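**Q** Starting off with a structure, shown below.
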Amino acid sequence: MNEIINVEHTEDKTLSIEEMLIKEAIKNIGNPFKNLTVKDVMKDLLVSEATANMIFKRNDFPSVNIGKTKTVTMLAYLMWKMKRKESEVNKDV
């Protein structure tokens with residue numbers, strides 16, 4: 001399969017489409033290092049709190065515990081969602 005990949009050349013390296021999208025998304029996020037809680041993820045994914053807690057326990061989910069509070073940075077969360085979506089698309093192909 002022939003794929004066309006657009007790249008952006010920078011001084012230090014060549015960026016793929018995915019990297020360019022991430023770069024643009026970061027510009028639009030107020031604070032990419034904002035910590036999201038279980039309730040924030042629950043609201044974003046439209047799942048129950050129990051399901052959101054299970055997501056935070058997944059090995060591939062980039063969460064950290066701050067005291068007893070489970071959190072994930074906005075940037076890490078968005079990258080996780082993108083990777084999950086990408087793997088779903090690749091399964092369908």
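The chains in the structure tokens are called A, B, ... from first to last as shown; in each chain the residues are counted from 1, and the ligands are counted from 1 in the order shown.
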I'd like to know which residues of chain A are strand (DSSP E) (by DSSP, run on the backbone); could you write them as number ranges by chain?
**A** A: 8-9, 14-15, 35-37, 64-66, 69-73
**Q** Just N, CA, C and O atoms for this one: save the residues we selected as a short mmCIF file (atom, residue, chain, number, x, y, z; two decimals), in the first residue's frame.
**A**
data_model
loop_
_atom_site.label_atom_id
_atom_site.label_comp_id
_atom_site.auth_asym_id
_atom_site.auth_seq_id
_atom_site.Cartn_x
_atom_site.Cartn_y
_atom_site.Cartn_z
N GLU A 8 7.14 17.98 7.91
CA GLU A 8 7.59 19.36 8.10
C GLU A 8 9.05 19.28 8.52
O GLU A 8 9.40 18.57 9.45
N HIS A 9 9.89 19.97 7.82
CA HIS A 9 11.32 19.96 8.15
C HIS A 9 11.61 21.07 9.14
O HIS A 9 11.21 22.20 8.96
N THR A 14 12.78 15.88 11.14
CA THR A 14 11.62 15.90 10.27
C THR A 14 10.42 15.43 11.09
O THR A 14 10.49 14.42 11.77
N LEU A 15 9.29 16.17 11.02
CA LEU A 15 8.11 15.82 11.79
C LEU A 15 7.11 15.07 10.92
O LEU A 15 6.85 15.46 9.79
N ASN A 35 -3.38 18.73 35.56
CA ASN A 35 -3.71 17.38 36.01
C ASN A 35 -5.20 17.14 35.92
O ASN A 35 -6.00 17.94 36.40
N LEU A 36 -5.57 16.02 35.30
CA LEU A 36 -6.97 15.61 35.22
C LEU A 36 -7.22 14.52 36.26
O LEU A 36 -6.35 13.69 36.52
N THR A 37 -8.39 14.54 36.83
CA THR A 37 -8.77 13.54 37.83
C THR A 37 -9.62 12.45 37.19
O THR A 37 -9.98 12.54 36.01
N VAL A 64 -0.63 8.93 37.38
CA VAL A 64 0.22 8.96 38.56
C VAL A 64 -0.68 9.20 39.77
O VAL A 64 -1.76 9.76 39.65
N ASN A 65 -0.21 8.74 40.91
CA ASN A 65 -0.94 9.00 42.15
C ASN A 65 -0.26 10.13 42.88
O ASN A 65 0.95 10.10 43.11
N ILE A 66 -1.04 11.14 43.25
CA ILE A 66 -0.55 12.22 44.08
C ILE A 66 -1.31 12.08 45.39
O ILE A 66 -2.49 12.42 45.46
N THR A 69 -4.94 10.67 45.37
CA THR A 69 -5.63 11.13 44.17
C THR A 69 -4.93 10.63 42.92
O THR A 69 -3.73 10.81 42.76
N LYS A 70 -5.70 9.98 42.06
CA LYS A 70 -5.17 9.51 40.78
C LYS A 70 -5.30 10.64 39.77
O LYS A 70 -6.37 11.23 39.63
N THR A 71 -4.20 10.95 39.08
CA THR A 71 -4.23 12.02 38.09
C THR A 71 -3.48 11.62 36.83
O THR A 71 -2.72 10.65 36.82
N VAL A 72 -3.73 12.38 35.78
CA VAL A 72 -3.00 12.23 34.52
C VAL A 72 -2.89 13.63 33.93
O VAL A 72 -3.82 14.43 34.04
N THR A 73 -1.74 13.95 33.33
CA THR A 73 -1.62 15.27 32.72
C THR A 73 -2.44 15.31 31.44
O THR A 73 -2.64 14.29 30.78
#
**Q** Which residues are near Phe56 of chain A? Cut-off 12 Å, only C-alpha atoms, ignore same chain within fewer than 2 positions. Put them as a list in words.
**A** Leu36, Thr37, Val38, Lys39, Asp40, Val41, Met42, Glu49, Ala50, Thr51, Ala52, Asn53, Met54, Arg58, Asn59, Asp60, Phe61, Pro62, Ser63, Val64, Asn65, Thr69, Lys70, Thr71, Val72, Tyr77 and Trp80 of chain A
**Q** Grab the atom CA of Ser16 of chain A to atom CA of Ile55 of chain A distance for me, in Å with one decimal place.
**A**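 Computing it gives 28.4 Å between the two atoms.
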**Q** So that I can check the secondary structure, give me every residue of chain A assigned helix (DSSP H, G or I) by backbone DSSP, as a ChimeraX atom specification.
**A** /A:17-28,38-45,49-57,74-92
**Q** Store the residues picked out above, limited to C-alpha atoms, as an mmCIF file, in the first residue's frame.
**A**
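This went into result_38.cif:
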data_model
loop_
_atom_site.group_PDB
_atom_site.id
_atom_site.type_symbol
_atom_site.label_atom_id
_atom_site.label_comp_id
_atom_site.auth_asym_id
_atom_site.auth_seq_id
_atom_site.Cartn_x
_atom_site.Cartn_y
_atom_site.Cartn_z
ATOM 1 C CA ILE A 17 1.805 14.192 10.396
ATOM 2 C CA GLU A 18 1.082 12.788 13.855
ATOM 3 C CA GLU A 19 3.822 14.886 15.422
ATOM 4 C CA MET A 20 2.597 18.000 13.609
ATOM 5 C CA LEU A 21 -0.956 17.357 14.867
ATOM 6 C CA ILE A 22 0.321 16.968 18.415
ATOM 7 C CA LYS A 23 2.347 20.157 18.062
ATOM 8 C CA GLU A 24 -0.723 22.093 16.874
ATOM 9 C CA ALA A 25 -2.960 20.585 19.568
ATOM 10 C CA ILE A 26 -0.518 21.633 22.277
ATOM 11 C CA LYS A 27 -0.732 25.219 21.034
ATOM 12 C CA ASN A 28 -4.530 25.135 21.539
ATOM 13 C CA VAL A 38 -10.846 10.393 37.521
ATOM 14 C CA LYS A 39 -13.974 12.556 37.347
ATOM 15 C CA ASP A 40 -12.512 14.660 34.515
ATOM 16 C CA VAL A 41 -11.736 11.537 32.473
ATOM 17 C CA MET A 42 -15.149 10.100 33.340
ATOM 18 C CA LYS A 43 -16.864 13.198 31.933
ATOM 19 C CA ASP A 44 -14.675 13.311 28.825
ATOM 20 C CA LEU A 45 -15.164 9.648 27.919
ATOM 21 C CA GLU A 49 -16.738 6.486 37.685
ATOM 22 C CA ALA A 50 -16.023 2.768 38.154
ATOM 23 C CA THR A 51 -15.011 2.460 34.490
ATOM 24 C CA ALA A 52 -12.825 5.579 34.740
ATOM 25 C CA ASN A 53 -11.115 4.068 37.810
ATOM 26 C CA MET A 54 -10.443 0.877 35.830
ATOM 27 C CA ILE A 55 -8.913 2.977 33.035
ATOM 28 C CA PHE A 56 -6.579 4.619 35.551
ATOM 29 C CA LYS A 57 -5.418 1.122 36.592
ATOM 30 C CA MET A 74 -3.742 16.663 29.905
ATOM 31 C CA LEU A 75 -0.969 16.106 27.355
ATOM 32 C CA ALA A 76 -0.346 12.480 28.372
ATOM 33 C CA TYR A 77 -4.095 11.811 28.364
ATOM 34 C CA LEU A 78 -4.586 13.242 24.871
ATOM 35 C CA MET A 79 -1.635 11.259 23.538
ATOM 36 C CA TRP A 80 -3.065 8.086 25.133
ATOM 37 C CA LYS A 81 -6.432 8.746 23.478
ATOM 38 C CA MET A 82 -4.749 9.278 20.116
ATOM 39 C CA LYS A 83 -2.805 6.020 20.384
ATOM 40 C CA ARG A 84 -5.967 4.136 21.380
ATOM 41 C CA LYS A 85 -7.849 5.590 18.419
ATOM 42 C CA GLU A 86 -4.953 4.746 16.090
ATOM 43 C CA SER A 87 -4.884 1.126 17.271
ATOM 44 C CA GLU A 88 -8.655 0.850 16.749
ATOM 45 C CA VAL A 89 -8.305 2.131 13.182
ATOM 46 C CA ASN A 90 -5.468 -0.303 12.477
ATOM 47 C CA LYS A 91 -7.605 -3.222 13.711
ATOM 48 C CA ASP A 92 -10.314 -2.313 11.203
#
